[in-house]
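K.L.:
Structure file target23.txt (compact mmCIF, C-alpha atoms) is given on the next line.
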# COMPACT_ATOMS: atom_id res chain seq x y z
CA MET A 1 -163.99 -159.22 64.64
CA MET A 2 -161.10 -158.25 62.44
CA ALA A 3 -158.91 -159.94 59.87
CA MET A 4 -155.26 -159.26 60.72
CA SER A 5 -152.06 -160.16 58.92
CA LEU A 6 -149.53 -162.09 61.02
CA ASP A 7 -147.54 -158.85 61.32
CA GLY A 8 -150.49 -156.99 62.80
CA TYR A 9 -152.05 -155.01 59.95
CA VAL A 10 -155.76 -154.71 59.14
CA ALA A 11 -155.31 -152.85 55.86
CA ARG A 12 -152.62 -151.48 53.60
CA LYS A 13 -151.65 -147.84 54.01
CA ASN A 14 -154.20 -146.90 51.31
CA HIS A 15 -156.93 -148.84 53.22
CA SER A 16 -156.86 -151.61 50.60
CA LEU A 17 -158.02 -155.11 51.54
CA ASP A 18 -156.79 -156.75 48.31
CA TRP A 19 -154.56 -159.11 50.38
CA LEU A 20 -157.72 -160.62 51.89
CA ASN A 21 -159.17 -161.31 48.48
CA LYS A 22 -156.20 -163.46 47.53
CA GLN A 23 -156.87 -165.89 50.41
CA PRO A 24 -158.60 -169.11 49.26
CA THR A 25 -161.54 -168.85 51.68
CA GLN A 26 -164.24 -170.32 49.44
CA ASN A 27 -167.01 -171.93 51.52
CA GLU A 28 -165.30 -171.11 54.81
CA ASP A 29 -167.62 -169.81 57.50
CA HIS A 30 -165.69 -167.34 59.63
CA GLY A 31 -168.89 -166.49 61.47
CA PHE A 32 -169.46 -163.04 59.99
CA PHE A 33 -173.26 -163.35 59.82
CA ASP A 34 -173.62 -165.03 63.23
CA PHE A 35 -171.41 -162.35 64.69
CA MET A 36 -173.38 -159.53 63.09
CA ASP A 37 -176.61 -161.07 64.37
CA SER A 38 -175.16 -160.94 67.89
CA VAL A 39 -174.51 -157.19 67.95
CA ASP A 40 -176.93 -154.26 68.27
CA ALA A 41 -174.86 -151.66 66.42
CA LEU A 42 -171.47 -150.99 64.85
CA VAL A 43 -168.93 -148.26 65.52
CA MET A 44 -166.14 -147.53 63.07
CA GLY A 45 -163.79 -144.77 61.96
CA SER A 46 -163.88 -142.85 58.71
CA GLY A 47 -161.08 -145.02 57.29
CA SER A 48 -163.13 -148.20 57.70
CA LEU A 49 -166.18 -146.43 56.30
CA LYS A 50 -164.25 -145.46 53.17
CA THR A 51 -163.13 -149.05 52.71
CA VAL A 52 -166.68 -150.34 53.09
CA LEU A 53 -168.06 -147.70 50.72
CA GLY A 54 -165.79 -149.29 48.10
CA PHE A 55 -167.58 -152.64 48.40
CA CYS A 56 -170.23 -153.54 45.82
CA GLU A 57 -172.89 -153.74 48.50
CA TRP A 58 -173.34 -152.19 51.94
CA PRO A 59 -172.64 -155.23 54.15
CA TYR A 60 -174.42 -154.17 57.35
CA VAL A 61 -178.01 -154.55 58.50
CA LYS A 62 -177.46 -153.02 61.94
CA PRO A 63 -177.12 -149.26 62.62
CA VAL A 64 -173.62 -147.88 62.04
CA VAL A 65 -172.03 -144.98 63.93
CA VAL A 66 -168.96 -143.46 62.30
CA LEU A 67 -166.60 -141.52 64.55
CA SER A 68 -165.42 -138.54 62.54
CA ARG A 69 -164.73 -134.89 63.25
CA SER A 70 -165.07 -133.81 59.64
CA MET A 71 -167.38 -136.10 57.63
CA THR A 72 -171.03 -135.24 57.07
CA LYS A 73 -174.04 -137.10 55.70
CA GLN A 74 -173.71 -135.16 52.44
CA GLU A 75 -170.66 -137.32 51.66
CA LEU A 76 -172.75 -140.51 51.80
CA PRO A 77 -174.69 -142.03 48.94
CA GLU A 78 -178.36 -141.16 49.48
CA HIS A 79 -179.50 -144.72 50.23
CA LEU A 80 -177.12 -144.90 53.21
CA ARG A 81 -178.06 -141.64 54.92
CA ASP A 82 -180.58 -143.33 57.21
CA LYS A 83 -178.21 -146.21 57.98
CA VAL A 84 -175.14 -144.28 59.08
CA GLU A 85 -174.78 -141.65 61.82
CA PHE A 86 -171.70 -139.50 62.37
CA SER A 87 -170.54 -138.75 65.89
CA ARG A 88 -167.75 -136.93 67.71
CA ALA A 89 -168.55 -138.57 71.05
CA SER A 90 -165.93 -140.30 73.20
CA PRO A 91 -166.17 -144.08 73.63
CA GLN A 92 -167.60 -143.55 77.14
CA GLU A 93 -170.23 -141.07 75.92
CA LEU A 94 -171.17 -143.35 73.07
CA TRP A 95 -171.48 -146.31 75.39
CA GLU A 96 -173.89 -144.33 77.59
CA VAL A 97 -176.03 -143.38 74.59
CA PHE A 98 -176.08 -147.00 73.46
CA SER A 99 -177.00 -148.23 76.95
CA GLU A 100 -179.93 -145.79 77.11
CA ALA A 101 -181.09 -147.10 73.72
CA GLY A 102 -181.02 -150.63 75.15
CA TYR A 103 -178.00 -151.70 73.09
CA LYS A 104 -176.00 -154.40 74.85
CA ARG A 105 -173.35 -155.52 72.39
CA ILE A 106 -171.51 -153.22 70.02
CA TYR A 107 -169.12 -154.20 67.26
CA VAL A 108 -166.14 -151.87 67.19
CA ASP A 109 -164.22 -151.83 63.90
CA GLY A 110 -161.02 -150.19 62.70
CA GLY A 111 -157.61 -149.71 64.29
CA ALA A 112 -157.96 -146.27 65.90
CA VAL A 113 -161.50 -146.90 67.13
CA ILE A 114 -160.56 -150.27 68.62
CA ARG A 115 -157.62 -148.64 70.39
CA SER A 116 -159.77 -145.87 71.88
CA PHE A 117 -162.39 -148.36 73.13
CA LEU A 118 -159.63 -150.62 74.52
CA ASN A 119 -158.05 -147.66 76.33
CA ALA A 120 -161.47 -146.72 77.76
CA GLY A 121 -161.86 -150.27 79.14
CA LEU A 122 -164.95 -150.85 77.00
CA VAL A 123 -163.88 -153.98 75.11
CA GLN A 124 -165.10 -157.30 76.50
CA ASP A 125 -164.07 -159.75 73.83
CA MET A 126 -162.39 -159.81 70.46
CA LYS A 127 -162.25 -162.09 67.49
CA ILE A 128 -159.17 -161.93 65.32
CA THR A 129 -158.91 -163.83 62.06
CA MET A 130 -155.17 -164.31 61.64
CA VAL A 131 -154.35 -164.23 57.93
CA PRO A 132 -151.26 -166.15 56.73
CA ILE A 133 -149.37 -163.23 55.22
CA LEU A 134 -146.82 -160.59 56.19
CA LEU A 135 -147.79 -157.25 54.65
CA GLY A 136 -144.69 -155.40 55.79
CA GLY A 137 -146.60 -152.16 56.27
CA GLY A 138 -150.09 -150.71 56.59
CA ILE A 139 -152.65 -149.75 59.21
CA ARG A 140 -152.20 -151.49 62.53
CA ILE A 141 -155.04 -152.84 64.62
CA PHE A 142 -153.31 -152.35 67.95
CA GLY A 143 -151.38 -149.33 69.15
CA GLU A 144 -149.52 -148.00 72.11
CA THR A 145 -151.20 -148.55 75.47
CA ALA A 146 -149.93 -147.72 78.91
CA CYS A 147 -150.69 -151.04 80.59
CA ASP A 148 -150.78 -154.72 79.69
CA VAL A 149 -154.16 -156.00 78.53
CA ASP A 150 -154.37 -159.61 79.72
CA LEU A 151 -156.47 -161.89 77.53
CA GLU A 152 -158.09 -165.27 77.96
CA LEU A 153 -158.19 -167.53 74.90
CA VAL A 154 -161.75 -168.73 74.26
CA SER A 155 -161.08 -170.66 71.05
CA ALA A 156 -158.60 -171.11 68.22
CA ALA A 157 -159.94 -172.53 64.96
CA PRO A 158 -157.73 -173.13 61.92
CA PHE A 159 -159.33 -173.20 58.44
CA PRO A 160 -158.22 -174.86 55.19
CA SER A 161 -157.31 -171.45 53.77
CA GLY A 162 -154.69 -171.11 56.51
CA MET A 163 -156.66 -168.48 58.38
CA VAL A 164 -156.98 -169.03 62.13
CA ASP A 165 -159.93 -167.59 64.04
CA LEU A 166 -158.81 -166.55 67.52
CA VAL A 167 -161.42 -165.53 70.10
CA TYR A 168 -160.30 -163.78 73.31
CA LYS A 169 -162.01 -162.39 76.39
CA LEU A 170 -160.44 -159.52 78.26
CA LYS A 171 -159.46 -160.57 81.77
CA ALA A 172 -160.81 -158.38 84.56
CA SER A 173 -157.97 -156.10 85.67
CA MET B 1 -139.64 -170.05 67.08
CA MET B 2 -140.69 -166.94 68.92
CA ALA B 3 -143.25 -166.05 71.55
CA MET B 4 -145.19 -163.00 70.39
CA SER B 5 -147.89 -160.93 72.08
CA LEU B 6 -151.13 -160.61 70.12
CA ASP B 7 -150.06 -157.04 69.26
CA GLY B 8 -146.81 -158.25 67.72
CA TYR B 9 -144.12 -157.72 70.35
CA VAL B 10 -141.39 -160.18 71.35
CA ALA B 11 -140.09 -158.19 74.31
CA ARG B 12 -140.71 -154.97 76.17
CA LYS B 13 -138.66 -151.92 75.22
CA ASN B 14 -136.09 -152.85 77.90
CA HIS B 15 -135.87 -156.41 76.46
CA SER B 16 -137.81 -157.80 79.44
CA LEU B 17 -139.72 -161.08 79.07
CA ASP B 18 -141.57 -160.78 82.40
CA TRP B 19 -144.91 -160.94 80.55
CA LEU B 20 -144.05 -164.48 79.45
CA ASN B 21 -143.39 -165.55 83.02
CA LYS B 22 -146.90 -164.58 84.07
CA GLN B 23 -148.45 -167.06 81.61
CA PRO B 24 -149.62 -170.30 83.31
CA THR B 25 -147.62 -172.64 81.07
CA GLN B 26 -146.81 -175.32 83.67
CA ASN B 27 -146.28 -178.72 82.02
CA GLU B 28 -147.01 -177.36 78.55
CA ASP B 29 -144.65 -178.61 75.87
CA HIS B 30 -144.25 -175.87 73.28
CA GLY B 31 -141.61 -177.98 71.55
CA PHE B 32 -138.57 -175.93 72.58
CA PHE B 33 -136.28 -178.94 73.04
CA ASP B 34 -137.49 -180.79 69.92
CA PHE B 35 -137.07 -177.58 67.95
CA MET B 36 -133.56 -176.98 69.28
CA ASP B 37 -132.65 -180.57 68.44
CA SER B 38 -133.73 -179.92 64.86
CA VAL B 39 -131.37 -176.99 64.21
CA ASP B 40 -127.60 -176.92 63.64
CA ALA B 41 -126.90 -173.44 64.97
CA LEU B 42 -128.57 -170.25 66.19
CA VAL B 43 -128.25 -166.67 64.98
CA MET B 44 -129.41 -163.78 67.12
CA GLY B 45 -128.85 -160.08 67.68
CA SER B 46 -127.15 -158.43 70.62
CA GLY B 47 -130.53 -157.56 72.15
CA SER B 48 -131.58 -161.21 72.31
CA LEU B 49 -128.13 -162.14 73.66
CA LYS B 50 -128.49 -159.62 76.49
CA THR B 51 -131.90 -161.05 77.38
CA VAL B 52 -130.52 -164.61 77.41
CA LEU B 53 -127.49 -163.58 79.48
CA GLY B 54 -130.01 -162.55 82.15
CA PHE B 55 -131.35 -166.10 82.43
CA CYS B 56 -130.12 -168.31 85.28
CA GLU B 57 -128.67 -170.81 82.82
CA TRP B 58 -127.43 -170.61 79.25
CA PRO B 59 -130.30 -172.37 77.44
CA TYR B 60 -128.53 -173.47 74.24
CA VAL B 61 -126.50 -176.55 73.40
CA LYS B 62 -125.95 -175.63 69.76
CA PRO B 63 -123.41 -173.03 68.54
CA VAL B 64 -124.66 -169.44 68.68
CA VAL B 65 -123.66 -166.63 66.30
CA VAL B 66 -124.45 -163.11 67.49
CA LEU B 67 -124.72 -160.41 64.85
CA SER B 68 -123.14 -157.31 66.35
CA ARG B 69 -120.91 -154.53 65.08
CA SER B 70 -119.69 -153.56 68.54
CA MET B 71 -119.73 -156.49 71.00
CA THR B 72 -116.63 -158.58 71.64
CA LYS B 73 -115.94 -161.84 73.47
CA GLN B 74 -114.51 -159.88 76.40
CA GLU B 75 -118.10 -158.90 77.28
CA LEU B 76 -119.11 -162.55 77.71
CA PRO B 77 -118.79 -164.60 80.87
CA GLU B 78 -115.73 -166.83 80.46
CA HIS B 79 -117.68 -170.11 80.28
CA LEU B 80 -119.57 -168.87 77.20
CA ARG B 81 -116.60 -167.70 75.14
CA ASP B 82 -116.35 -171.00 73.26
CA LYS B 83 -120.13 -171.22 72.76
CA VAL B 84 -120.77 -167.82 71.20
CA GLU B 85 -119.23 -166.21 68.11
CA PHE B 86 -119.70 -162.60 67.05
CA SER B 87 -120.12 -161.72 63.39
CA ARG B 88 -120.72 -158.72 61.16
CA ALA B 89 -121.64 -160.87 58.14
CA SER B 90 -124.79 -160.33 56.09
CA PRO B 91 -127.49 -163.04 56.20
CA GLN B 92 -126.35 -164.25 52.76
CA GLU B 93 -122.66 -164.43 53.79
CA LEU B 94 -123.58 -166.21 57.00
CA TRP B 95 -125.73 -168.69 55.14
CA GLU B 96 -122.79 -169.51 52.85
CA VAL B 97 -120.48 -170.07 55.83
CA PHE B 98 -123.07 -172.31 57.46
CA SER B 99 -123.59 -174.28 54.24
CA GLU B 100 -119.84 -174.91 53.95
CA ALA B 101 -119.84 -176.13 57.55
CA GLY B 102 -122.59 -178.59 56.63
CA TYR B 103 -125.28 -176.76 58.59
CA LYS B 104 -128.73 -177.25 57.10
CA ARG B 105 -131.18 -175.68 59.50
CA ILE B 106 -130.53 -172.47 61.40
CA TYR B 107 -132.67 -170.93 64.12
CA VAL B 108 -132.92 -167.17 63.66
CA ASP B 109 -133.95 -165.26 66.78
CA GLY B 110 -134.74 -161.63 67.53
CA GLY B 111 -136.76 -159.00 65.68
CA ALA B 112 -134.06 -157.25 63.63
CA VAL B 113 -132.27 -160.49 62.71
CA ILE B 114 -135.51 -162.18 61.65
CA ARG B 115 -136.34 -159.17 59.50
CA SER B 116 -132.94 -159.19 57.78
CA PHE B 117 -133.15 -162.93 57.04
CA LEU B 118 -136.74 -162.53 55.81
CA ASN B 119 -135.69 -159.68 53.52
CA ALA B 120 -132.82 -161.84 52.19
CA GLY B 121 -135.30 -164.62 51.36
CA LEU B 122 -133.54 -167.02 53.75
CA VAL B 123 -136.48 -167.99 55.99
CA GLN B 124 -138.23 -171.25 55.15
CA ASP B 125 -140.58 -171.70 58.05
CA MET B 126 -141.52 -170.03 61.30
CA LYS B 127 -143.11 -171.00 64.54
CA ILE B 128 -144.90 -168.29 66.46
CA THR B 129 -146.28 -168.88 69.93
CA MET B 130 -149.10 -166.35 70.18
CA VAL B 131 -149.34 -165.16 73.78
CA PRO B 132 -152.76 -163.93 75.03
CA ILE B 133 -151.73 -160.42 76.00
CA LEU B 134 -151.51 -156.92 74.51
CA LEU B 135 -148.27 -155.26 75.65
CA GLY B 136 -149.02 -151.88 74.06
CA GLY B 137 -145.36 -151.27 73.26
CA GLY B 138 -141.99 -152.98 72.96
CA ILE B 139 -139.75 -154.64 70.40
CA ARG B 140 -141.54 -155.91 67.32
CA ILE B 141 -140.82 -159.20 65.64
CA PHE B 142 -141.82 -158.04 62.16
CA GLY B 143 -140.90 -154.81 60.44
CA GLU B 144 -141.33 -152.97 57.22
CA THR B 145 -140.84 -155.06 54.08
CA ALA B 146 -141.29 -154.04 50.47
CA CYS B 147 -143.37 -157.00 49.33
CA ASP B 148 -146.00 -159.33 50.73
CA VAL B 149 -144.64 -162.52 52.25
CA ASP B 150 -147.26 -165.18 51.60
CA LEU B 151 -147.43 -167.94 54.21
CA GLU B 152 -148.90 -171.41 54.38
CA LEU B 153 -150.33 -172.52 57.71
CA VAL B 154 -148.83 -175.88 58.74
CA SER B 155 -150.51 -176.19 62.14
CA ALA B 156 -152.31 -174.23 64.85
CA ALA B 157 -152.28 -175.70 68.34
CA PRO B 158 -154.00 -174.02 71.29
CA PHE B 159 -152.78 -174.77 74.84
CA PRO B 160 -154.56 -174.58 78.22
CA SER B 161 -152.51 -171.46 79.08
CA GLY B 162 -154.15 -169.68 76.17
CA MET B 163 -151.02 -169.71 74.07
CA VAL B 164 -151.45 -170.83 70.46
CA ASP B 165 -148.53 -172.36 68.56
CA LEU B 166 -148.73 -171.33 64.90
CA VAL B 167 -146.40 -172.97 62.38
CA TYR B 168 -146.05 -171.45 58.90
CA LYS B 169 -144.08 -172.25 55.76
CA LEU B 170 -143.09 -169.46 53.42
CA LYS B 171 -144.74 -169.89 50.04
CA ALA B 172 -142.38 -169.85 47.07
CA SER B 173 -142.60 -166.41 45.47
How does the structure come out when it is put into structure tokens?

P.N.:
Amino acid sequence: MMAMSLDGYVARKNHSLDWLNKQPTQNEDHGFFDFMDSVDALVMGSGSLKTVLGFCEWPYVKPVVVLSRSMTKQELPEHLRDKVEFSRASPQELWEVFSEAGYKRIYVDGGAVIRSFLNAGLVQDMKITMVPILLGGGIRIFGETACDVDLELVSAAPFPSGMVDLVYKLKAS
Amino acid sequence: MMAMSLDGYVARKNHSLDWLNKQPTQNEDHGFFDFMDSVDALVMGSGSLKTVLGFCEWPYVKPVVVLSRSMTKQELPEHLRDKVEFSRASPQELWEVFSEAGYKRIYVDGGAVIRSFLNAGLVQDMKITMVPILLGGGIRIFGETACDVDLELVSAAPFPSGMVDLVYKLKAS
């Protein structure tokens, strides 16, 4: 579940999401809370974490794992230290840990993390909110992959703001 | 009017469109003929021309201008020499020539050409057919721009093949 500009960016180069705030999405339900209810945990990179730490409130109820080789809990505000774990595990290793913990559905956030889970074949479905803007630069959601990833469209829902929620399943390859 | 993979590519690195041919679009009307009826001429780059020259039939009825600094008419099959013009003009110069000829609506095709017309402020609307596939590499439709380009969603139409036709207007800046 990611908001993406029509030219494929999830954030500006400085991780800013200001371009999302200028969309007139008042009273639109893009399914954030339903979606969060449906997952057992979240995985994100340090870039996404930094963006979220800039929000007024911590938006997640579920456990969050941040993939980082350098960050430590000391860098977190105290009230988040029991909500966020840091890990250097590979997507496959992480998936095994999650499976042992009984986790079935993980939300994977952030360009680099999404790419590594895609490349490991560990993504089953994705929801993209297509935002009506060209940013002309920034952090991309998708990157170079060796093979085509064939998708099946589950639904396409336009909203008055001009955002379009696109839900895809990955086709078995 | 461009078909684009979800990760933002209009063709593979070698200009191939084979990934479009594997979409099950039988009997789907993505409005190609209506759209072509609505324009007075086409502008494309040499890359797009090479792709189109590989088709069994020349798909255009309207005049085509190819922006190229190096190609000449001698490189065209004889039956196309009166249908295609080469030009080194800038988007602004070309637009002035078209206006004098009474042309009102031009179809701009190909990544680099779209970018140059966007940067010149000469794009009014765009139709993107979002194809349910990640290519992981290729030729991008959108490139670096200095400023945000704010869009207004006109329509979003999903098709049984999983393609979604997205029509946008550029907001006045």

K.L.:
Superposition of chain B onto chain A by least squares over all sequentially paired C-alpha atoms; the transformed chain is requested as a CSV table (one decimal) with C-alpha atoms, keeping the file's coordinate frame.

P.N.:
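Output (selection-v9.csv):
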chain,number,residue,atom,x,y,z
B,1,MET,CA,-164.0,-159.2,64.6
B,2,MET,CA,-161.1,-158.3,62.4
B,3,ALA,CA,-158.9,-159.9,59.9
B,4,MET,CA,-155.3,-159.2,60.7
B,5,SER,CA,-152.1,-160.1,58.9
B,6,LEU,CA,-149.6,-162.1,61.0
B,7,ASP,CA,-147.5,-158.8,61.3
B,8,GLY,CA,-150.5,-157.0,62.8
B,9,TYR,CA,-152.1,-155.0,60.0
B,10,VAL,CA,-155.8,-154.7,59.1
B,11,ALA,CA,-155.3,-152.9,55.9
B,12,ARG,CA,-152.7,-151.5,53.6
B,13,LYS,CA,-151.7,-147.8,54.0
B,14,ASN,CA,-154.2,-146.9,51.3
B,15,HIS,CA,-157.0,-148.9,53.2
B,16,SER,CA,-156.9,-151.6,50.6
B,17,LEU,CA,-158.0,-155.1,51.5
B,18,ASP,CA,-156.8,-156.8,48.3
B,19,TRP,CA,-154.6,-159.1,50.4
B,20,LEU,CA,-157.7,-160.6,51.9
B,21,ASN,CA,-159.2,-161.3,48.5
B,22,LYS,CA,-156.2,-163.5,47.5
B,23,GLN,CA,-156.9,-165.9,50.4
B,24,PRO,CA,-158.6,-169.1,49.3
B,25,THR,CA,-161.6,-168.8,51.7
B,26,GLN,CA,-164.3,-170.3,49.4
B,27,ASN,CA,-167.0,-171.9,51.5
B,28,GLU,CA,-165.3,-171.1,54.8
B,29,ASP,CA,-167.6,-169.8,57.5
B,30,HIS,CA,-165.7,-167.3,59.6
B,31,GLY,CA,-168.9,-166.5,61.5
B,32,PHE,CA,-169.5,-163.0,60.0
B,33,PHE,CA,-173.3,-163.4,59.8
B,34,ASP,CA,-173.6,-165.0,63.2
B,35,PHE,CA,-171.4,-162.3,64.7
B,36,MET,CA,-173.4,-159.5,63.1
B,37,ASP,CA,-176.6,-161.1,64.3
B,38,SER,CA,-175.2,-161.0,67.8
B,39,VAL,CA,-174.5,-157.2,67.9
B,40,ASP,CA,-176.9,-154.3,68.3
B,41,ALA,CA,-174.9,-151.7,66.4
B,42,LEU,CA,-171.5,-151.0,64.9
B,43,VAL,CA,-168.9,-148.2,65.5
B,44,MET,CA,-166.1,-147.5,63.1
B,45,GLY,CA,-163.8,-144.8,62.0
B,46,SER,CA,-163.9,-142.8,58.7
B,47,GLY,CA,-161.1,-145.0,57.3
B,48,SER,CA,-163.1,-148.2,57.7
B,49,LEU,CA,-166.2,-146.4,56.3
B,50,LYS,CA,-164.2,-145.4,53.2
B,51,THR,CA,-163.1,-149.0,52.7
B,52,VAL,CA,-166.7,-150.3,53.1
B,53,LEU,CA,-168.1,-147.7,50.7
B,54,GLY,CA,-165.8,-149.3,48.1
B,55,PHE,CA,-167.6,-152.6,48.4
B,56,CYS,CA,-170.2,-153.5,45.8
B,57,GLU,CA,-172.9,-153.7,48.5
B,58,TRP,CA,-173.3,-152.2,51.9
B,59,PRO,CA,-172.6,-155.2,54.1
B,60,TYR,CA,-174.4,-154.2,57.4
B,61,VAL,CA,-178.0,-154.6,58.5
B,62,LYS,CA,-177.4,-153.0,61.9
B,63,PRO,CA,-177.1,-149.3,62.6
B,64,VAL,CA,-173.6,-147.9,62.0
B,65,VAL,CA,-172.0,-145.0,63.9
B,66,VAL,CA,-168.9,-143.4,62.3
B,67,LEU,CA,-166.6,-141.5,64.6
B,68,SER,CA,-165.4,-138.5,62.5
B,69,ARG,CA,-164.7,-134.9,63.3
B,70,SER,CA,-165.1,-133.8,59.6
B,71,MET,CA,-167.4,-136.1,57.6
B,72,THR,CA,-171.0,-135.2,57.1
B,73,LYS,CA,-174.0,-137.1,55.7
B,74,GLN,CA,-173.7,-135.2,52.4
B,75,GLU,CA,-170.6,-137.3,51.7
B,76,LEU,CA,-172.7,-140.5,51.8
B,77,PRO,CA,-174.7,-142.1,48.9
B,78,GLU,CA,-178.3,-141.2,49.5
B,79,HIS,CA,-179.5,-144.7,50.2
B,80,LEU,CA,-177.1,-144.9,53.2
B,81,ARG,CA,-178.1,-141.6,54.9
B,82,ASP,CA,-180.6,-143.4,57.2
B,83,LYS,CA,-178.2,-146.2,58.0
B,84,VAL,CA,-175.1,-144.3,59.1
B,85,GLU,CA,-174.8,-141.7,61.8
B,86,PHE,CA,-171.7,-139.5,62.4
B,87,SER,CA,-170.5,-138.7,65.9
B,88,ARG,CA,-167.7,-136.9,67.7
B,89,ALA,CA,-168.5,-138.6,71.1
B,90,SER,CA,-165.9,-140.3,73.2
B,91,PRO,CA,-166.2,-144.1,73.6
B,92,GLN,CA,-167.6,-143.6,77.1
B,93,GLU,CA,-170.2,-141.1,75.9
B,94,LEU,CA,-171.2,-143.4,73.1
B,95,TRP,CA,-171.5,-146.3,75.4
B,96,GLU,CA,-173.9,-144.3,77.6
B,97,VAL,CA,-176.0,-143.4,74.6
B,98,PHE,CA,-176.1,-147.0,73.4
B,99,SER,CA,-177.0,-148.2,76.9
B,100,GLU,CA,-179.9,-145.8,77.1
B,101,ALA,CA,-181.1,-147.1,73.7
B,102,GLY,CA,-181.0,-150.6,75.1
B,103,TYR,CA,-178.0,-151.7,73.1
B,104,LYS,CA,-176.0,-154.4,74.8
B,105,ARG,CA,-173.3,-155.5,72.4
B,106,ILE,CA,-171.5,-153.2,70.0
B,107,TYR,CA,-169.1,-154.2,67.3
B,108,VAL,CA,-166.1,-151.9,67.2
B,109,ASP,CA,-164.2,-151.8,63.9
B,110,GLY,CA,-161.0,-150.2,62.7
B,111,GLY,CA,-157.6,-149.7,64.3
B,112,ALA,CA,-158.0,-146.3,65.9
B,113,VAL,CA,-161.5,-146.9,67.2
B,114,ILE,CA,-160.5,-150.3,68.6
B,115,ARG,CA,-157.6,-148.6,70.4
B,116,SER,CA,-159.8,-145.9,71.9
B,117,PHE,CA,-162.4,-148.4,73.2
B,118,LEU,CA,-159.6,-150.6,74.5
B,119,ASN,CA,-158.0,-147.6,76.3
B,120,ALA,CA,-161.5,-146.7,77.8
B,121,GLY,CA,-161.8,-150.3,79.1
B,122,LEU,CA,-165.0,-150.9,77.0
B,123,VAL,CA,-163.9,-154.0,75.1
B,124,GLN,CA,-165.1,-157.3,76.5
B,125,ASP,CA,-164.1,-159.8,73.9
B,126,MET,CA,-162.4,-159.8,70.5
B,127,LYS,CA,-162.3,-162.1,67.5
B,128,ILE,CA,-159.2,-161.9,65.3
B,129,THR,CA,-158.9,-163.8,62.1
B,130,MET,CA,-155.2,-164.3,61.6
B,131,VAL,CA,-154.4,-164.2,57.9
B,132,PRO,CA,-151.3,-166.1,56.7
B,133,ILE,CA,-149.4,-163.2,55.2
B,134,LEU,CA,-146.8,-160.6,56.2
B,135,LEU,CA,-147.8,-157.2,54.6
B,136,GLY,CA,-144.7,-155.4,55.8
B,137,GLY,CA,-146.6,-152.1,56.3
B,138,GLY,CA,-150.1,-150.7,56.6
B,139,ILE,CA,-152.7,-149.7,59.2
B,140,ARG,CA,-152.2,-151.5,62.5
B,141,ILE,CA,-155.1,-152.9,64.6
B,142,PHE,CA,-153.3,-152.4,68.0
B,143,GLY,CA,-151.4,-149.3,69.1
B,144,GLU,CA,-149.5,-148.0,72.1
B,145,THR,CA,-151.2,-148.6,75.5
B,146,ALA,CA,-149.9,-147.7,78.9
B,147,CYS,CA,-150.7,-151.0,80.6
B,148,ASP,CA,-150.8,-154.7,79.7
B,149,VAL,CA,-154.1,-156.0,78.5
B,150,ASP,CA,-154.3,-159.6,79.7
B,151,LEU,CA,-156.5,-161.9,77.5
B,152,GLU,CA,-158.1,-165.3,78.0
B,153,LEU,CA,-158.2,-167.5,74.9
B,154,VAL,CA,-161.7,-168.7,74.3
B,155,SER,CA,-161.1,-170.7,71.1
B,156,ALA,CA,-158.6,-171.1,68.2
B,157,ALA,CA,-159.9,-172.5,65.0
B,158,PRO,CA,-157.7,-173.1,61.9
B,159,PHE,CA,-159.3,-173.2,58.5
B,160,PRO,CA,-158.2,-174.9,55.2
B,161,SER,CA,-157.3,-171.4,53.8
B,162,GLY,CA,-154.7,-171.1,56.5
B,163,MET,CA,-156.7,-168.5,58.4
B,164,VAL,CA,-157.0,-169.0,62.1
B,165,ASP,CA,-159.9,-167.6,64.1
B,166,LEU,CA,-158.8,-166.5,67.5
B,167,VAL,CA,-161.4,-165.5,70.1
B,168,TYR,CA,-160.3,-163.8,73.3
B,169,LYS,CA,-162.0,-162.4,76.4
B,170,LEU,CA,-160.4,-159.5,78.3
B,171,LYS,CA,-159.4,-160.6,81.8
B,172,ALA,CA,-160.8,-158.4,84.6
B,173,SER,CA,-158.0,-156.1,85.7

K.L.:
Could you please tell me, as a list in words, which residues of chain A have an atom within 7 Å of chain B when using only C-alpha atoms?

P.N.:
Asp7, Gly8, Pro132, Ile133, Leu134, Leu135, Gly136, Gly137, Phe142, Gly143, Glu144, Thr145, Ala146, Cys147, Asp148, Val149, Asp150, Leu151, Glu152, Leu153, Ala156, Pro158 and Gly162 of chain A

K.L.:
How many Å lie between CA of Ser99 (chain B) and CA of Ala41 (chain B), rounded to one decimal?

P.N.:
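Distance between the two atoms: 11.3 Å.
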
K.L.:
Quote the spacing between CA of Arg105 (chain B) and CA of Lys83 (chain B) in Å to one decimal place.

P.N.:
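CA of Lys83 (chain B) lies at a distance of 17.8 Å from CA of Arg105 (chain B).
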
K.L.:
Kindly indicate which residue among B:Met36, B:Met126, B:Val84, B:Ala172 lies nearest to Met2 (chain B), using all atoms listed in the file for the distances.

P.N.:
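Selected residue with least distance to Met2 (chain B): B:Met126.
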
K.L.:
What's the 12 Å shell around Gly54 (chain B), counting all atoms listed in the file, without same-chain residues fewer than 4 positions away, as a list in words?

P.N.:
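The residues satisfying every condition are His15, Ser16, Leu17, Asp18, Gly47, Ser48, Leu49, Lys50, Trp58, Pro59, Leu76 and Pro77 of chain B.
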
K.L.:
Could you save the residues just selected, with C-alpha atoms, as a CSV table (one decimal), in the coordinates of the input?

P.N.:
chain,number,residue,atom,x,y,z
B,15,HIS,CA,-135.9,-156.4,76.5
B,16,SER,CA,-137.8,-157.8,79.4
B,17,LEU,CA,-139.7,-161.1,79.1
B,18,ASP,CA,-141.6,-160.8,82.4
B,47,GLY,CA,-130.5,-157.6,72.2
B,48,SER,CA,-131.6,-161.2,72.3
B,49,LEU,CA,-128.1,-162.1,73.7
B,50,LYS,CA,-128.5,-159.6,76.5
B,58,TRP,CA,-127.4,-170.6,79.2
B,59,PRO,CA,-130.3,-172.4,77.4
B,76,LEU,CA,-119.1,-162.6,77.7
B,77,PRO,CA,-118.8,-164.6,80.9
